[in-house]
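A short worksheet on the structure shown next.
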Amino acid sequence: MEYMKEPATVSQGNILCCECGIPIPPNPANMCVSCLRTKVDITEGIPKQITVHFCKQCERYLQPPGTWLQCALESRELLTLCLKKIKASLSRVRLIDAGFVWTEPHSKRLKVKLTVQKEVMNGAILQQVFLVEYIVHSQMCDDCHRVEAKDFWKAVVQVRQKTLHKKTFYYLEQLILKHRLHQNTLRIKEIHDGLDFYYSSKQHAQKMVDFLQSTVPCRSKSSQRLISHDIHSNTYNYKSTFSVEIVPICKDNVVCLSPKLAQSLGNMSQICVCIRVTSGIHIIDPNTLQIAEIDGNTYWRYPFNSLFHPKQLEEFIVMDISRVHDRKQGAGAGMRSTKHTLAEAWVQKTSELNTDHQYFCRTHLGHLLNPGDLVLGFDLVNCNLNDEFANKMNPHSIPDVILIKKSYDRSKRQRRRNWKLKELERDREGMDTDDERQYQDFLEDLEEDETIRKNVNIYKNSGIPVESDTDDEGIPRISLAEMLEDLQISQDATGGEGADMLTE
């Protein structure tokens, strides 16, 4: 007899499956895995197809009963939302793993692969992998439903300017577009004296009011109205209204200051010309080139009005002009403009060329005017000034004519204008001829004033060919360096389904 030199190895024996008879390792059920799955389905009771609601407007998913969540595709947040849909059914099994199976983004289907375990016959543990399909149904959420109804709002900003010209509103519109403050509005409505901005929250309306106060001289006041009140939870539902009044002064207006305000601005002449309205009112004295800026608070403390309407502008022809040099400033005089040139001119109305009646005036446009040029101005001799401060002035201190701006051929300017502006989408009844004329005036102001142009996004108009920036006639133009490319995304950028991506 020989002894075994190596220790005996213990090996586990196999048994036969009680169903199919194949050898298997022993288990409490005495069945192979295939037969066990035919007898027991641990995923029974777990739904394999579920509906998920999705809002296309705000791209949020509904988490019952009434919460809408922002979830990206195949994100952890979306997986959590999907698992909560079958949370009650998963309580009878043990969840081991869960993950998304890739589907087409536009297929309206979400597939989740689940791995679960459960104890079955006589303590045997069975693990199974299966798919749950989620069908995405479109449903508009309550917030988007109110937005689409266009009659739901919690705050409104009413912007008003009591003037017949809309230059300030056109400038304000471009500032809103540049800073993208129109994105949170539910609706923008245009009325006779201004614009109404509707918002879903008071915070967005307050942000707009703060922006207006920092960009244009204005004053504001607010009020709120109680809509409903829950006595059990002590909650109140208000509608807020913000009223913003912009100063009734526009560019190229002739104004008459109060004596006290003119003295505080450096002994300026009371009759001045408004050359710009930004965060303050910029005025210039055409007799001395003295300039000043009046903010909103100062204006409401010492209010003044425009002496003329833009329709009262008359066309003059320059008969003779001479520049004034080395003019001495008076005591306490303020700062003088370096962008303008003081000149003395003899002008005559184009409607009175058959007469010898000429007018003498001082002007701040000496750097632009030459004999024979056409210029727009106001005639103070043959008009009735209905103004509180102008009526108290010495008649010898009131000039005969105030020249405002040089006149160019408008039709030629429109044909050669190779740029454009964007507009706010708003509800309006329609643009009449007067509104179109005022809009053209605003476009001409942009061409002539570089300071205003810096705050506006100007886009290149591809429909008009680009010409040389040099112009023999001296018409103000905007250079190509100041224009932006207008981005337009075409719906057929990919060339259609199945086509190659366009790279040119």
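Chain identifiers are assigned as A, B, and so on, following the order in which chains appear in the structure tokens; residues are numbered from 1 within each chain, and ligands are numbered from 1 in order of appearance.
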
Among segment 43-193 of chain A, which ones does DSSP place in alpha helix (DSSP H), written as a PyMOL selection string?
chain A and resi 76-85+142-149+167-179

Which residues are near Ile246 of chain A? Cut-off 9 Å, only C-alpha atoms, ignore same chain within fewer than 4 positions. Put them as a compact mmCIF listing (two decimals) with N, CA, C and O atoms, in the first residue's frame.
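Done, and the output landed in out_8.txt:
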# COMPACT_ATOMS: atom_id res chain seq x y z
N VAL A 159 -43.27 102.92 -19.33
CA VAL A 159 -42.28 103.94 -19.67
C VAL A 159 -42.98 105.00 -20.52
O VAL A 159 -43.58 104.68 -21.55
N ARG A 160 -42.92 106.25 -20.07
CA ARG A 160 -43.62 107.33 -20.74
C ARG A 160 -42.67 108.50 -20.97
O ARG A 160 -41.77 108.77 -20.17
N GLN A 161 -42.91 109.20 -22.06
CA GLN A 161 -42.21 110.46 -22.35
C GLN A 161 -43.20 111.38 -23.05
O GLN A 161 -43.70 111.08 -24.13
N LYS A 162 -43.49 112.50 -22.41
CA LYS A 162 -44.51 113.42 -22.91
C LYS A 162 -43.90 114.36 -23.94
O LYS A 162 -43.68 115.54 -23.71
N THR A 168 -35.63 109.51 -28.20
CA THR A 168 -35.13 108.89 -26.96
C THR A 168 -35.58 107.45 -26.86
O THR A 168 -34.84 106.58 -26.39
N LEU A 212 -33.24 101.59 -16.50
CA LEU A 212 -33.72 102.84 -17.09
C LEU A 212 -33.16 104.05 -16.34
O LEU A 212 -32.77 105.05 -16.95
N VAL A 216 -31.10 106.70 -18.90
CA VAL A 216 -31.78 107.91 -19.35
C VAL A 216 -32.24 108.71 -18.14
O VAL A 216 -32.53 108.13 -17.09
N PRO A 217 -32.29 110.05 -18.25
CA PRO A 217 -32.78 110.85 -17.11
C PRO A 217 -34.29 110.65 -16.95
O PRO A 217 -35.07 110.93 -17.86
N CYS A 218 -34.68 110.14 -15.80
CA CYS A 218 -36.08 109.83 -15.58
C CYS A 218 -36.37 109.82 -14.09
O CYS A 218 -35.47 109.92 -13.25
N ARG A 219 -37.63 109.68 -13.76
CA ARG A 219 -38.07 109.49 -12.38
C ARG A 219 -39.12 108.38 -12.38
O ARG A 219 -39.81 108.15 -13.38
N SER A 220 -39.25 107.69 -11.26
CA SER A 220 -40.14 106.54 -11.21
C SER A 220 -40.91 106.52 -9.90
O SER A 220 -40.47 107.09 -8.89
N GLY A 296 -31.12 113.86 -14.20
CA GLY A 296 -32.55 113.79 -13.99
C GLY A 296 -33.02 114.53 -12.76
O GLY A 296 -34.05 115.22 -12.78

In segment 261-314 of chain A, DSSP strand (DSSP E) residues written as a PDB file with C-alpha atoms, in the first residue's frame:
ATOM      1  CA  ILE A 271     -31.608 129.600 -24.629  1.00  0.00           C
ATOM      2  CA  CYS A 272     -29.570 126.496 -25.459  1.00  0.00           C
ATOM      3  CA  VAL A 273     -29.612 123.567 -27.861  1.00  0.00           C
ATOM      4  CA  CYS A 274     -29.838 119.950 -26.688  1.00  0.00           C
ATOM      5  CA  ILE A 275     -27.113 118.048 -28.550  1.00  0.00           C
ATOM      6  CA  ARG A 276     -27.524 114.653 -26.890  1.00  0.00           C
ATOM      7  CA  VAL A 277     -29.653 112.737 -24.359  1.00  0.00           C
ATOM      8  CA  ILE A 281     -29.263 116.075 -20.920  1.00  0.00           C
ATOM      9  CA  HIS A 282     -26.275 117.543 -22.787  1.00  0.00           C
ATOM     10  CA  ILE A 283     -26.821 121.151 -23.861  1.00  0.00           C
ATOM     11  CA  ILE A 284     -24.685 123.738 -25.631  1.00  0.00           C
ATOM     12  CA  ILE A 291     -21.617 123.029 -22.597  1.00  0.00           C
ATOM     13  CA  ALA A 292     -23.285 121.479 -19.567  1.00  0.00           C
ATOM     14  CA  GLU A 293     -24.879 118.214 -18.510  1.00  0.00           C
ATOM     15  CA  ILE A 294     -28.145 118.160 -16.571  1.00  0.00           C
ATOM     16  CA  GLU A 314     -37.062 125.498 -41.483  1.00  0.00           C
TER      17      GLU A 314
END

How many Å lie between atom CA of Asn386 of chain A and atom CA of Val255 of chain A, rounded to one decimal?
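For atom CA of Asn386 of chain A relative to atom CA of Val255 of chain A, the distance reads 11.9 Å.
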
Give me, as a PyMOL selection string, all polymer residues having an atom no more than 10 Å from Thr185 of chain A, counting only C-alpha atoms and skipping those fewer than 5 positions away in the same chain.
chain A and resi 147+153+155-156+197-201+204-205+208

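Between atom CA of Glu344 of chain A and atom CA of Ser322 of chain A the interatomic distance comes to 5.4 Å.
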
Report, in Å with one decimal, the straight-line distance from atom CA of Asp143 of chain A to atom CA of Lys108 of chain A.
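Spanning atom CA of Asp143 of chain A to atom CA of Lys108 of chain A is a straight-line distance of 22.4 Å.
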
Option closest in space to Trp346 of chain A, from A:Ile176, A:Leu380, A:Val401, A:Asn305 [counting only C-alpha atoms]:
A:Val401

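Counting only C-alpha atoms, the residue from A:Gln127, A:Gln12, A:Ser397, A:Ser462 that sits nearest to Asn287 of chain A is A:Ser397.
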
Residues near Gly463 of chain A, cut-off 12 Å, only C-alpha atoms, skip fewer than 4 positions along chain, as a tab-separated table (two decimals) with N, CA, C and O atoms, in the first residue's frame:
chain	number	residue	atom	x	y	z
A	415	ARG	N	-30.18	105.45	-49.66
A	415	ARG	CA	-29.70	104.49	-50.66
A	415	ARG	C	-28.32	103.97	-50.31
A	415	ARG	O	-28.02	102.80	-50.58
A	416	ARG	N	-27.47	104.79	-49.73
A	416	ARG	CA	-26.09	104.40	-49.46
A	416	ARG	C	-25.91	103.83	-48.06
A	416	ARG	O	-24.78	103.49	-47.69
A	417	ARG	N	-26.98	103.69	-47.29
A	417	ARG	CA	-26.87	103.19	-45.91
A	417	ARG	C	-26.75	101.67	-45.94
A	417	ARG	O	-27.72	100.95	-46.20
A	418	ASN	N	-25.56	101.17	-45.69
A	418	ASN	CA	-25.28	99.74	-45.77
A	418	ASN	C	-25.25	99.08	-44.38
A	418	ASN	O	-24.51	98.15	-44.14
A	419	TRP	N	-26.06	99.56	-43.48
A	419	TRP	CA	-26.15	98.98	-42.14
A	419	TRP	C	-27.60	99.02	-41.68
A	419	TRP	O	-28.46	99.66	-42.30
A	420	LYS	N	-27.88	98.31	-40.60
A	420	LYS	CA	-29.24	98.23	-40.08
A	420	LYS	C	-29.21	98.02	-38.58
A	420	LYS	O	-28.16	97.72	-37.99
A	459	TYR	N	-25.41	96.58	-37.29
A	459	TYR	CA	-25.15	95.37	-38.04
A	459	TYR	C	-25.01	95.68	-39.53
A	459	TYR	O	-25.69	96.56	-40.06
A	486	ASP	N	-24.22	90.20	-38.78
A	486	ASP	CA	-25.52	89.72	-38.31
A	486	ASP	C	-25.55	88.20	-38.46
A	486	ASP	O	-25.51	87.67	-39.56

For Pro259 of chain A, which of A:Val324, A:Ala390, A:Ala333, A:Leu424 is the closest residue, counting only C-alpha atoms?
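The shortest atom-to-atom distance to Pro259 of chain A comes from A:Ala390.
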
Near Leu81 of chain A, counting only C-alpha atoms, which residues have an atom at most 9 Å away, once you skip same-chain residues fewer than 3 positions from it, shown as a list in words?
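Once the nearby chain positions are removed, what remains is Tyr61, Leu62, Gln63, Leu69, Arg76, Glu77, Leu78, Lys84 and Lys85 of chain A.
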
Those same residues - N, CA, C and O atoms - I'd like them written as a short mmCIF file (atom, residue, chain, number, x, y, z; two decimals), in the first residue's frame.
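Result saved to part22.cif:
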data_model
loop_
_atom_site.label_atom_id
_atom_site.label_comp_id
_atom_site.auth_asym_id
_atom_site.auth_seq_id
_atom_site.Cartn_x
_atom_site.Cartn_y
_atom_site.Cartn_z
N TYR A 61 -39.07 68.82 -17.10
CA TYR A 61 -39.82 67.58 -16.93
C TYR A 61 -40.70 67.70 -15.67
O TYR A 61 -40.32 68.34 -14.68
N LEU A 62 -41.85 67.04 -15.74
CA LEU A 62 -42.80 67.08 -14.63
C LEU A 62 -42.47 66.00 -13.63
O LEU A 62 -42.37 64.81 -13.96
N GLN A 63 -42.27 66.43 -12.38
CA GLN A 63 -42.14 65.49 -11.26
C GLN A 63 -43.41 65.58 -10.43
O GLN A 63 -43.64 66.60 -9.78
N LEU A 69 -38.88 70.19 -13.27
CA LEU A 69 -37.44 70.19 -13.06
C LEU A 69 -36.70 70.35 -14.38
O LEU A 69 -37.11 69.79 -15.40
N ARG A 76 -27.91 62.75 -14.21
CA ARG A 76 -28.26 62.10 -12.94
C ARG A 76 -29.62 62.57 -12.45
O ARG A 76 -30.38 61.79 -11.86
N GLU A 77 -29.92 63.85 -12.72
CA GLU A 77 -31.22 64.37 -12.29
C GLU A 77 -32.37 63.69 -13.02
O GLU A 77 -33.39 63.33 -12.42
N LEU A 78 -32.19 63.47 -14.34
CA LEU A 78 -33.24 62.81 -15.12
C LEU A 78 -33.38 61.34 -14.73
O LEU A 78 -34.48 60.80 -14.68
N LYS A 84 -37.93 57.53 -9.68
CA LYS A 84 -39.01 57.86 -8.75
C LYS A 84 -40.37 57.45 -9.31
O LYS A 84 -41.32 57.24 -8.56
N LYS A 85 -40.46 57.35 -10.64
CA LYS A 85 -41.71 56.92 -11.27
C LYS A 85 -42.06 55.47 -10.91
O LYS A 85 -43.23 55.10 -10.90
#
